[in-house]
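Novice: My structure file query31.tsv, TSV, C-alpha atoms and all ligand atoms, is below:
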chain	number	residue	atom	x	y	z
A	1	MET	CA	83.99	94.55	181.67
A	2	THR	CA	87.18	96.03	180.22
A	3	GLU	CA	90.14	93.71	179.71
A	4	LYS	CA	91.89	95.35	182.67
A	5	ALA	CA	88.87	94.81	184.92
A	6	GLU	CA	88.60	91.18	183.76
A	7	LEU	CA	92.25	90.52	184.56
A	8	GLN	CA	91.84	92.12	187.99
A	9	SER	CA	88.79	90.00	188.70
A	10	VAL	CA	90.73	86.79	187.85
A	11	LEU	CA	93.64	87.98	189.99
A	12	ASP	CA	91.29	88.69	192.90
A	13	ARG	CA	89.69	85.26	192.63
A	14	ALA	CA	93.10	83.55	192.43
A	15	ALA	CA	94.45	85.60	195.35
A	16	ALA	CA	91.41	84.54	197.38
A	17	GLY	CA	92.21	80.87	196.69
A	18	GLY	CA	89.90	80.20	193.74
A	19	ARG	CA	91.02	77.88	190.94
A	20	ILE	CA	91.90	79.50	187.62
A	21	THR	CA	91.59	77.85	184.23
A	22	PRO	CA	94.54	77.40	181.82
A	23	GLU	CA	92.99	80.11	179.60
A	24	GLU	CA	92.86	82.52	182.55
A	25	ALA	CA	96.44	81.60	183.50
A	26	LEU	CA	97.55	82.42	179.96
A	27	ASP	CA	95.76	85.78	180.07
A	28	LEU	CA	97.45	86.60	183.38
A	29	TYR	CA	100.83	85.44	182.12
A	30	ARG	CA	100.57	87.54	178.99
A	31	SER	CA	98.84	90.66	180.20
A	32	ALA	CA	98.51	91.17	183.97
A	33	PRO	CA	100.62	94.02	185.38
A	34	LEU	CA	103.79	92.51	186.84
A	35	HIS	CA	103.40	93.93	190.35
A	36	ALA	CA	99.72	92.98	190.58
A	37	LEU	CA	100.64	89.45	189.53
A	38	GLY	CA	103.36	89.26	192.19
A	39	SER	CA	101.10	90.71	194.83
A	40	ALA	CA	98.31	88.16	194.15
A	41	ALA	CA	100.83	85.29	194.16
A	42	ASP	CA	102.34	86.55	197.41
A	43	ALA	CA	98.87	86.68	198.99
A	44	VAL	CA	98.37	83.01	198.10
A	45	ARG	CA	101.79	82.09	199.51
A	46	ARG	CA	101.14	83.97	202.75
A	47	ARG	CA	97.79	82.27	203.24
A	48	ARG	CA	99.17	78.79	202.49
A	49	TYR	CA	101.97	79.32	205.00
A	50	ALA	CA	100.03	81.32	207.57
A	51	GLY	CA	102.06	81.30	210.77
A	52	THR	CA	105.38	80.64	208.98
A	53	GLU	CA	104.90	83.06	206.08
A	54	HIS	CA	107.94	85.05	207.24
A	55	ILE	CA	110.21	82.05	206.51
A	56	ALA	CA	111.88	81.02	203.24
A	57	THR	CA	113.76	77.75	203.01
A	58	TYR	CA	116.87	76.26	201.44
A	59	ILE	CA	118.56	72.86	201.52
A	60	ILE	CA	122.18	71.69	201.48
A	61	GLU	CA	122.71	68.96	198.90
A	62	ARG	CA	125.08	67.56	196.36
A	63	ASN	CA	124.49	66.55	192.77
A	64	ILE	CA	126.43	63.40	192.07
A	65	ASN	CA	126.89	63.15	188.33
A	66	TYR	CA	127.71	59.47	187.95
A	67	THR	CA	128.24	59.50	184.18
A	68	ASN	CA	127.99	61.95	181.31
A	69	ILE	CA	127.65	59.20	178.70
A	70	CYS	CA	124.22	59.46	177.13
A	71	VAL	CA	122.35	58.09	174.15
A	72	THR	CA	119.66	60.78	174.16
A	73	ALA	CA	121.49	63.86	172.80
A	74	CYS	CA	119.09	66.62	173.92
A	75	LYS	CA	119.71	69.82	171.98
A	76	PHE	CA	119.88	72.11	175.02
A	77	CYS	CA	122.35	69.88	176.90
A	78	ALA	CA	126.06	70.73	177.24
A	79	PHE	CA	126.79	67.93	179.68
A	80	TYR	CA	126.50	64.69	177.77
A	81	ALA	CA	129.02	62.75	175.73
A	82	ALA	CA	127.94	60.30	173.05
A	83	PRO	CA	128.90	56.70	173.91
A	84	LYS	CA	131.54	56.68	171.15
A	85	ASP	CA	133.16	59.88	172.41
A	86	THR	CA	135.76	58.23	174.61
A	87	LYS	CA	137.68	61.49	175.03
A	88	LYS	CA	134.80	63.38	176.61
A	89	GLY	CA	132.89	60.54	178.27
A	90	TRP	CA	133.44	59.47	181.88
A	91	SER	CA	131.76	57.46	184.62
A	92	ARG	CA	132.45	57.60	188.33
A	93	ASP	CA	133.15	54.38	190.23
A	94	LEU	CA	131.35	53.45	193.41
A	95	ASP	CA	134.26	54.41	195.71
A	96	ASP	CA	134.33	57.90	194.18
A	97	ILE	CA	130.57	58.23	194.63
A	98	LEU	CA	130.79	57.14	198.27
A	99	ARG	CA	133.58	59.68	198.92
A	100	ARG	CA	131.31	62.39	197.54
A	101	CYS	CA	128.55	61.22	199.88
A	102	ALA	CA	130.95	61.31	202.83
A	103	GLU	CA	131.86	64.92	202.04
A	104	THR	CA	128.21	65.82	201.78
A	105	VAL	CA	127.56	64.47	205.26
A	106	GLU	CA	130.66	66.22	206.61
A	107	LEU	CA	129.39	69.57	205.30
A	108	GLY	CA	125.92	69.19	206.76
A	109	GLY	CA	124.24	68.17	203.51
A	110	THR	CA	121.10	66.08	203.85
A	111	GLN	CA	120.27	65.13	200.27
A	112	ILE	CA	121.96	63.80	197.17
A	113	MET	CA	120.74	64.12	193.62
A	114	PHE	CA	122.10	61.24	191.57
A	115	GLN	CA	122.00	62.70	188.08
A	116	GLY	CA	123.57	61.52	184.86
A	117	GLY	CA	123.23	60.54	181.24
A	118	HIS	CA	121.24	57.66	179.79
A	119	HIS	CA	124.17	55.25	179.74
A	120	PRO	CA	123.63	52.40	177.28
A	121	ASP	CA	124.66	49.78	179.87
A	122	TYR	CA	123.03	51.08	183.05
A	123	GLY	CA	119.87	49.15	183.83
A	124	VAL	CA	117.91	48.74	187.06
A	125	GLU	CA	120.72	46.65	188.56
A	126	TYR	CA	123.18	49.55	188.36
A	127	TYR	CA	120.91	51.85	190.37
A	128	GLU	CA	119.99	49.11	192.86
A	129	LYS	CA	123.66	48.47	193.54
A	130	HIS	CA	124.56	52.13	193.99
A	131	PHE	CA	121.54	53.18	196.05
A	132	ALA	CA	121.94	50.16	198.35
A	133	ALA	CA	125.64	50.95	198.85
A	134	ILE	CA	124.93	54.62	199.63
A	135	LYS	CA	122.16	53.78	202.09
A	136	ALA	CA	124.29	51.10	203.78
A	137	GLU	CA	127.05	53.61	204.50
A	138	PHE	CA	125.05	56.83	204.82
A	139	PRO	CA	121.52	56.01	205.98
A	140	GLN	CA	121.06	59.67	206.97
A	141	LEU	CA	121.32	60.86	203.33
A	142	VAL	CA	118.07	61.24	201.41
A	143	ILE	CA	118.35	60.01	197.83
A	144	HIS	CA	116.19	62.50	195.91
A	145	SER	CA	117.22	61.65	192.38
A	146	LEU	CA	116.42	60.76	188.79
A	147	GLY	CA	113.18	61.21	186.93
A	148	ALA	CA	110.82	59.53	184.52
A	149	SER	CA	113.34	59.58	181.65
A	150	GLU	CA	115.92	57.60	183.59
A	151	VAL	CA	113.26	55.14	184.73
A	152	GLU	CA	112.04	54.58	181.18
A	153	HIS	CA	115.64	54.08	180.04
A	154	MET	CA	116.73	51.71	182.84
A	155	ALA	CA	113.55	49.61	182.48
A	156	ARG	CA	114.22	49.24	178.75
A	157	ILE	CA	117.86	48.22	179.34
A	158	SER	CA	116.81	45.61	181.93
A	159	GLY	CA	113.76	44.41	180.01
A	160	VAL	CA	111.33	45.06	182.88
A	161	SER	CA	108.24	47.25	183.37
A	162	VAL	CA	108.59	50.76	184.79
A	163	GLU	CA	106.51	49.57	187.77
A	164	GLU	CA	109.13	46.92	188.51
A	165	ALA	CA	112.00	49.37	187.96
A	166	ILE	CA	110.50	51.90	190.38
A	167	THR	CA	109.66	49.26	192.98
A	168	ARG	CA	113.18	47.85	192.87
A	169	ILE	CA	115.13	51.13	193.05
A	170	HIS	CA	112.79	52.36	195.80
A	171	ALA	CA	113.45	49.18	197.79
A	172	ALA	CA	117.19	49.67	197.23
A	173	GLY	CA	117.17	53.19	198.68
A	174	LEU	CA	115.67	55.82	196.35
A	175	ASP	CA	113.51	58.08	198.53
A	176	SER	CA	111.93	60.37	195.93
A	177	PHE	CA	112.25	61.45	192.31
A	178	ALA	CA	113.78	64.83	191.50
A	179	GLY	CA	111.53	65.16	188.45
A	180	ALA	CA	114.32	65.94	186.03
A	181	GLY	CA	113.72	65.49	182.32
A	182	ALA	CA	110.33	67.21	182.27
A	183	GLU	CA	111.83	69.98	180.08
A	184	LEU	CA	108.75	71.08	178.11
A	185	LEU	CA	105.95	68.52	178.24
A	186	PRO	CA	103.80	69.60	175.24
A	187	GLU	CA	104.64	67.67	172.09
A	188	ARG	CA	105.91	70.39	169.71
A	189	PRO	CA	108.60	72.01	171.89
A	190	ARG	CA	109.61	68.66	173.41
A	191	LYS	CA	110.20	67.09	170.00
A	192	ALA	CA	112.16	70.18	168.96
A	193	ILE	CA	114.63	70.04	171.84
A	194	ALA	CA	114.63	66.42	173.01
A	195	PRO	CA	113.47	64.27	170.09
A	196	LEU	CA	114.82	61.05	171.58
A	197	LYS	CA	113.21	61.49	175.00
A	198	GLU	CA	109.89	59.87	175.90
A	199	SER	CA	106.79	61.99	175.21
A	200	GLY	CA	105.49	64.45	177.79
A	201	GLU	CA	102.43	62.23	178.32
A	202	ARG	CA	104.71	59.27	179.03
A	203	TRP	CA	106.83	61.36	181.43
A	204	LEU	CA	103.69	62.19	183.39
A	205	GLU	CA	102.39	58.62	183.20
A	206	ILE	CA	105.62	57.35	184.81
A	207	MET	CA	105.45	60.03	187.53
A	208	GLU	CA	101.84	59.00	188.19
A	209	ILE	CA	102.89	55.35	188.52
A	210	ALA	CA	105.65	56.40	190.93
A	211	HIS	CA	103.26	58.45	193.05
A	212	LYS	CA	100.85	55.52	193.22
A	213	LEU	CA	103.72	53.27	194.33
A	214	GLY	CA	104.45	55.71	197.17
A	215	VAL	CA	107.42	57.53	195.63
A	216	GLU	CA	106.78	61.27	195.60
A	217	SER	CA	108.61	63.76	193.40
A	218	THR	CA	109.15	67.36	192.49
A	219	SER	CA	108.30	68.71	189.04
A	220	THR	CA	110.36	70.98	186.83
A	221	MET	CA	110.13	73.13	183.72
A	222	LEU	CA	112.86	74.32	181.36
A	223	MET	CA	112.00	77.79	180.02
A	224	GLY	CA	113.55	79.55	177.08
A	225	THR	CA	114.18	77.06	174.27
A	226	GLY	CA	111.71	78.60	171.84
A	227	GLU	CA	108.41	77.50	173.37
A	228	THR	CA	105.36	79.77	173.15
A	229	ASN	CA	103.54	81.29	176.10
A	230	ALA	CA	100.61	78.95	175.42
A	231	GLU	CA	102.97	75.94	175.55
A	232	ARG	CA	104.37	77.12	178.88
A	233	ILE	CA	100.87	77.24	180.35
A	234	GLU	CA	99.99	73.89	178.76
A	235	HIS	CA	103.00	72.43	180.62
A	236	LEU	CA	101.46	73.66	183.90
A	237	ARG	CA	98.05	72.25	182.98
A	238	MET	CA	99.47	68.81	182.24
A	239	ILE	CA	101.18	68.70	185.66
A	240	ARG	CA	98.13	70.05	187.55
A	241	ASP	CA	95.87	67.39	186.03
A	242	VAL	CA	98.15	64.59	187.29
A	243	GLN	CA	98.49	66.27	190.66
A	244	ASP	CA	94.69	66.33	191.00
A	245	ARG	CA	94.79	62.54	190.79
A	246	THR	CA	97.92	61.73	192.83
A	247	GLY	CA	98.98	64.63	195.07
A	248	GLY	CA	102.54	63.33	194.63
A	249	PHE	CA	104.30	66.46	193.35
A	250	ARG	CA	105.82	68.29	196.33
A	251	ALA	CA	107.10	71.28	194.41
A	252	PHE	CA	107.27	73.01	191.06
A	253	ILE	CA	110.67	74.33	189.95
A	254	PRO	CA	110.91	76.36	186.75
A	255	TYR	CA	114.41	77.23	185.56
A	256	THR	CA	115.88	78.89	182.50
A	257	TYR	CA	117.80	77.50	179.53
A	258	GLN	CA	121.53	78.24	179.61
A	259	PRO	CA	123.00	79.09	176.21
A	260	GLU	CA	126.59	77.81	176.10
A	261	ASN	CA	128.09	74.71	174.49
A	262	ASN	CA	124.88	73.14	173.19
A	263	HIS	CA	123.19	72.62	169.83
A	264	LEU	CA	120.66	75.43	170.34
A	265	LYS	CA	123.60	77.86	170.59
A	266	GLY	CA	121.70	80.41	172.66
A	267	ARG	CA	119.40	81.45	169.83
A	268	THR	CA	116.47	81.56	172.25
A	269	HIS	CA	116.05	82.53	175.88
A	270	ALA	CA	113.52	83.39	178.58
A	271	THR	CA	113.80	86.90	179.98
A	272	LEU	CA	114.04	87.45	183.72
A	273	PHE	CA	110.65	89.20	183.70
A	274	GLU	CA	109.16	86.17	181.97
A	275	TYR	CA	110.70	84.07	184.72
A	276	LEU	CA	109.16	86.18	187.49
A	277	ARG	CA	105.79	86.07	185.72
A	278	MET	CA	106.04	82.28	185.53
A	279	ILE	CA	106.84	82.00	189.25
A	280	ALA	CA	103.77	84.12	190.08
A	281	VAL	CA	101.42	82.38	187.64
A	282	SER	CA	102.53	78.95	188.83
A	283	ARG	CA	101.77	79.92	192.45
A	284	LEU	CA	98.32	81.10	191.34
A	285	PHE	CA	97.65	78.12	189.03
A	286	PHE	CA	98.94	75.32	191.26
A	287	ASP	CA	96.39	75.39	194.03
A	288	ASN	CA	97.36	71.73	194.54
A	289	ILE	CA	101.18	71.97	194.77
A	290	ALA	CA	102.63	73.16	198.07
A	291	HIS	CA	106.03	74.56	197.16
A	292	ILE	CA	107.25	76.88	194.42
A	293	GLN	CA	111.04	77.14	194.11
A	294	GLY	CA	112.95	80.09	192.68
A	295	SER	CA	116.01	79.09	190.66
A	296	TRP	CA	118.76	81.56	191.60
A	297	LEU	CA	121.28	79.13	190.07
A	298	THR	CA	120.06	79.95	186.54
A	299	THR	CA	118.64	83.46	187.00
A	300	GLY	CA	120.97	85.02	189.59
A	301	LYS	CA	120.74	85.97	193.24
A	302	GLU	CA	118.78	89.21	192.77
A	303	ILE	CA	116.07	87.45	190.77
A	304	GLY	CA	116.16	84.65	193.34
A	305	GLN	CA	115.37	87.22	196.03
A	306	LEU	CA	112.56	88.71	193.94
A	307	THR	CA	110.94	85.29	193.44
A	308	LEU	CA	110.31	85.26	197.19
A	309	HIS	CA	107.97	88.22	196.61
A	310	TYR	CA	106.33	86.63	193.56
A	311	GLY	CA	105.04	83.45	195.20
A	312	ALA	CA	108.12	81.31	195.82
A	313	ASP	CA	108.66	79.95	199.34
A	314	ASP	CA	111.96	78.16	198.71
A	315	LEU	CA	115.30	79.02	197.10
A	316	GLY	CA	116.50	75.52	196.37
A	317	SER	CA	119.97	74.58	197.46
A	318	ILE	CA	123.54	75.19	198.21
A	319	MET	CA	124.62	72.62	195.64
A	320	LEU	CA	127.99	71.38	196.78
A	321	GLU	CA	128.55	69.99	193.29
A	322	GLU	CA	126.78	70.73	190.02
A	323	ASN	CA	127.94	70.00	186.48
A	324	VAL	CA	124.89	69.90	184.25
A	325	VAL	CA	123.59	73.48	183.94
A	326	SER	CA	127.08	74.78	184.79
A	327	SER	CA	128.35	73.11	181.59
A	328	ALA	CA	125.81	75.19	179.66
A	329	GLY	CA	126.94	78.45	181.21
A	330	ALA	CA	125.13	78.88	184.57
A	331	LYS	CA	127.71	80.91	186.49
A	332	HIS	CA	125.93	81.81	189.71
A	333	ARG	CA	127.63	80.48	192.84
A	334	SER	CA	126.89	80.86	196.50
A	335	ASN	CA	127.87	79.73	199.96
A	336	LEU	CA	125.90	79.21	203.12
A	337	ARG	CA	126.50	82.69	204.49
A	338	GLU	CA	125.41	84.26	201.18
A	339	MET	CA	122.33	82.06	200.95
A	340	ILE	CA	121.28	83.14	204.44
A	341	ASP	CA	121.96	86.79	203.54
A	342	MET	CA	120.11	86.43	200.25
A	343	ILE	CA	116.97	85.30	202.06
A	344	ARG	CA	117.34	87.71	204.98
A	345	THR	CA	117.84	90.79	202.80
A	346	ALA	CA	114.74	89.74	200.86
A	347	ASP	CA	112.91	90.27	204.16
A	348	ARG	CA	112.42	86.59	205.03
A	349	VAL	CA	113.78	84.50	207.87
A	350	PRO	CA	116.01	81.77	206.37
A	351	ALA	CA	115.53	78.15	207.38
A	352	GLN	CA	117.47	75.07	206.35
A	353	ARG	CA	115.00	72.35	205.38
A	354	THR	CA	114.82	68.63	204.73
A	355	THR	CA	113.83	67.10	201.39
A	356	THR	CA	110.24	67.00	202.65
A	357	TYR	CA	110.37	70.69	203.72
A	358	GLU	CA	110.55	70.29	207.51
A	359	HIS	CA	112.67	73.03	209.08
A	360	ILE	CA	116.00	71.76	210.43
A	361	VAL	CA	117.19	75.12	211.77
A	362	VAL	CA	115.55	78.52	211.58
A	363	HIS	CA	118.16	81.31	211.39
A	364	ASP	CA	116.20	83.85	213.39
A	365	ASP	CA	119.22	85.31	215.18
A	366	PRO	CA	122.21	86.42	213.05
A	367	ALA	CA	124.46	85.96	216.08
A	368	ASN	CA	123.88	82.20	215.77
A	369	ASP	CA	124.44	81.91	212.01
A	370	PRO	CA	126.54	78.94	210.89
A	371	VAL	CA	130.20	79.81	210.23
A	372	ASP	CA	131.56	76.85	208.24
A	373	GLU	CA	132.90	78.54	205.10
A	374	ARG	CA	133.46	75.21	203.39
A	375	VAL	CA	129.70	74.96	202.77
A	376	ALA	CA	129.79	76.49	199.30
A	377	SER	CA	128.34	75.55	195.97
A	378	HIS	CA	130.45	73.72	193.37
A	379	ILE	CA	133.28	72.69	195.69
A	380	SER	CA	134.29	69.88	193.37
A	381	SER	CA	132.46	70.51	190.14
A	382	THR	CA	134.42	69.60	187.05
A	383	ALA	CA	132.42	71.92	184.81
A	384	ILE	CA	133.85	75.18	186.09
A	385	GLU	CA	137.29	76.67	186.14
A	386	GLY	CA	138.92	75.92	189.46
A	387	GLY	CA	136.57	73.03	190.17
A	388	THR	CA	138.31	69.98	191.55
A	389	ALA	CA	138.42	67.41	188.80
A	390	HIS	CA	137.84	63.70	189.24
A	391	PRO	CA	139.44	61.73	190.81
A	392	GLU	CA	140.96	64.31	193.18
A	393	LEU	CA	138.45	65.45	195.72
A	394	LYS	CA	139.65	68.18	198.02
A	395	LEU	CA	137.52	70.08	200.48
A	396	LEU	CA	138.29	73.73	200.92
A	397	ASP	CA	140.01	74.61	204.16
A	398	ALA	CA	137.83	76.02	206.90
A	399	ASN	CA	139.64	79.37	206.64
A	401	LIG	S1	119.62	66.29	179.32
A	401	LIG	FE1	120.00	64.27	180.19
A	401	LIG	S2	119.09	62.85	178.72
A	401	LIG	FE2	119.35	64.80	177.63
A	401	LIG	S3	121.38	64.64	176.65
A	401	LIG	FE3	121.68	65.66	178.62
A	401	LIG	S4	122.25	63.97	179.98
A	401	LIG	FE4	121.27	63.04	178.19
Represent the structure of the file as structure tokens.

Specialist:
Amino acid sequence: MTEKAELQSVLDRAAAGGRITPEEALDLYRSAPLHALGSAADAVRRRRYAGTEHIATYIIERNINYTNICVTACKFCAFYAAPKDTKKGWSRDLDDILRRCAETVELGGTQIMFQGGHHPDYGVEYYEKHFAAIKAEFPQLVIHSLGASEVEHMARISGVSVEEAITRIHAAGLDSFAGAGAELLPERPRKAIAPLKESGERWLEIMEIAHKLGVESTSTMLMGTGETNAERIEHLRMIRDVQDRTGGFRAFIPYTYQPENNHLKGRTHATLFEYLRMIAVSRLFFDNIAHIQGSWLTTGKEIGQLTLHYGADDLGSIMLEENVVSSAGAKHRSNLREMIDMIRTADRVPAQRTTTYEHIVVHDDPANDPVDERVASHISSTAIEGGTAHPELKLLDAN
């Protein structure tokens, strides 16, 4: 068989639902024609969601960045402040955090992502206190937050096992892990960009423990910090192997490195075509993960729309607040009307979803579209010009 015929035969098998090997995934990623790749991935998506394949989902949520003080100093990160940097470092108090939750509820948000640095004093007790307080006041909010890195850090600070840390923060109110901190899981690129983080194997081990304790998660991948194509596919393999054992990853969310204000100084990047290829290959490779999310926040709205034709079924969120990738230069913003338009003009019916991907409202009639213009991304982010800085929180007027 010629190389072209071999690639087509792998694509056909994958499109028909067959499992592909990491070596085959790498061949597809490197060499399959872009449109054929997208078309095979879209066939898999349509079959998985037969009956609702015309729908693409989004969620309304808020990142609550509780501190930027961090001992881990990742080289791609523009958000953190070293503990000694008292000028740049900040932490939010509980009242501030609860006000942010109240605004989230007021704007129809259903989920919060508690996301911050590895603060040298924040152990399990800190998260127990905050999650319990949020759940006591806002039981309707889903706490989809943190990841293996934070768990490893908080367990070390408190001198307990990660099993105990997960059990305790779950009991206090954490619903699921957001899977942050995966970055690149293979050893070489991980050591190059996050030398003080736990290893990729340890990240996965902690996620596996969480899944076995009944706490599901999403999984992520940071593309564009100098990793090779083979390392990108190895990242997928490592996640798929764990998923075969636990079934606890609900989604896979690749996103791209943002080049501003960090140690890597934008010397590397992932192209938008590479991003689309990754979306398609991940849909073909992950026969055991239900949802693939396109990251319009880091790649832009047009690429976000295209991901819906390359295997993605979800466009993530209207993020009422975001400071982490925005600090590194992610400039894409949206509001609810735009998000609905973005999905509709990509020839899908938009639907607002829950954290666990149930449809809350399907926007199948434009005449009934929501009209609250306050539901916009970054309403109080500190990382962008015009963002409302702590401690003043002001919602935009309805008009
Ligand atoms: S990515 Fe997270 S752990 Fe790494 S430096 Fe930034 S805040 Fe700290």

Novice: Check which residues fall inside 6 Å of ligand LIG 401 (chain A) when counting only C-alpha atoms and all ligand atoms, and print them as a list in words.

Specialist: Cys70, Thr72, Ala73, Cys74, Cys77, Phe79, Tyr80, Gly116, Gly117 and His118 of chain A

Novice: Atom CA of Glu260 of chain A and atom CA of Pro186 of chain A are how many Å apart?

Specialist: 24.2 Å

Novice: Neighbouring residues of His144 of chain A were defined as those with any atom within 9 Å, considering all atoms listed in the file; residues of the same chain fewer than 4 positions away were excluded. Please report them as a list in words.

Specialist: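 Once the nearby chain positions are removed, what remains is Gln111, Ile112, Met113, Phe114, Leu174, Asp175, Ser176, Phe177, Ala178, Ser217 and Thr355 of chain A.
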
Novice: Excluding segment 154-161 of chain A and residues on its chain fewer than 6 positions from it, collect all residues at most 10 Å away from it, counting only C-alpha atoms, and give them as a list in words.

Specialist: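 So the residues in contact are His118, His119, Pro120, Asp121, Tyr122, Gly123, Val124, Glu125, Tyr126, Tyr127, Ala148 and Thr167 of chain A.
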
Novice: Excluding His332 of chain A and its own-chain neighbours fewer than 4 positions away, which residues fall within 9 Å of it when counting all atoms listed in the file? Please give them as a VMD selection string.

Specialist: chain A and resid 296 to 301 326

Novice: Between atom CA of Val371 of chain A and atom CA of Ile318 of chain A, what distance in Å does the model show, to one decimal?

Specialist: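 Atom CA of Ile318 of chain A lies at a distance of 14.5 Å from atom CA of Val371 of chain A.
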
Novice: Pick the closest to Thr356 of chain A from A:Val71, A:Ile97, A:Val142, A:Met207: which is it, counting all atoms listed in the file?

Specialist: A:Val142

Novice: Determine the nearest neighbour of Glu3 of chain A from the options A:Gly173, A:Pro83, A:Pro33, A:Gly214, counting all atoms listed in the file.

Specialist: A:Pro33

Novice: Calculated over all atoms listed in the file, which of the candidates A:Ala43, A:Leu11, A:Arg374, A:Ser327 has the smallest distance to Ser31 of chain A?

Specialist: A:Leu11
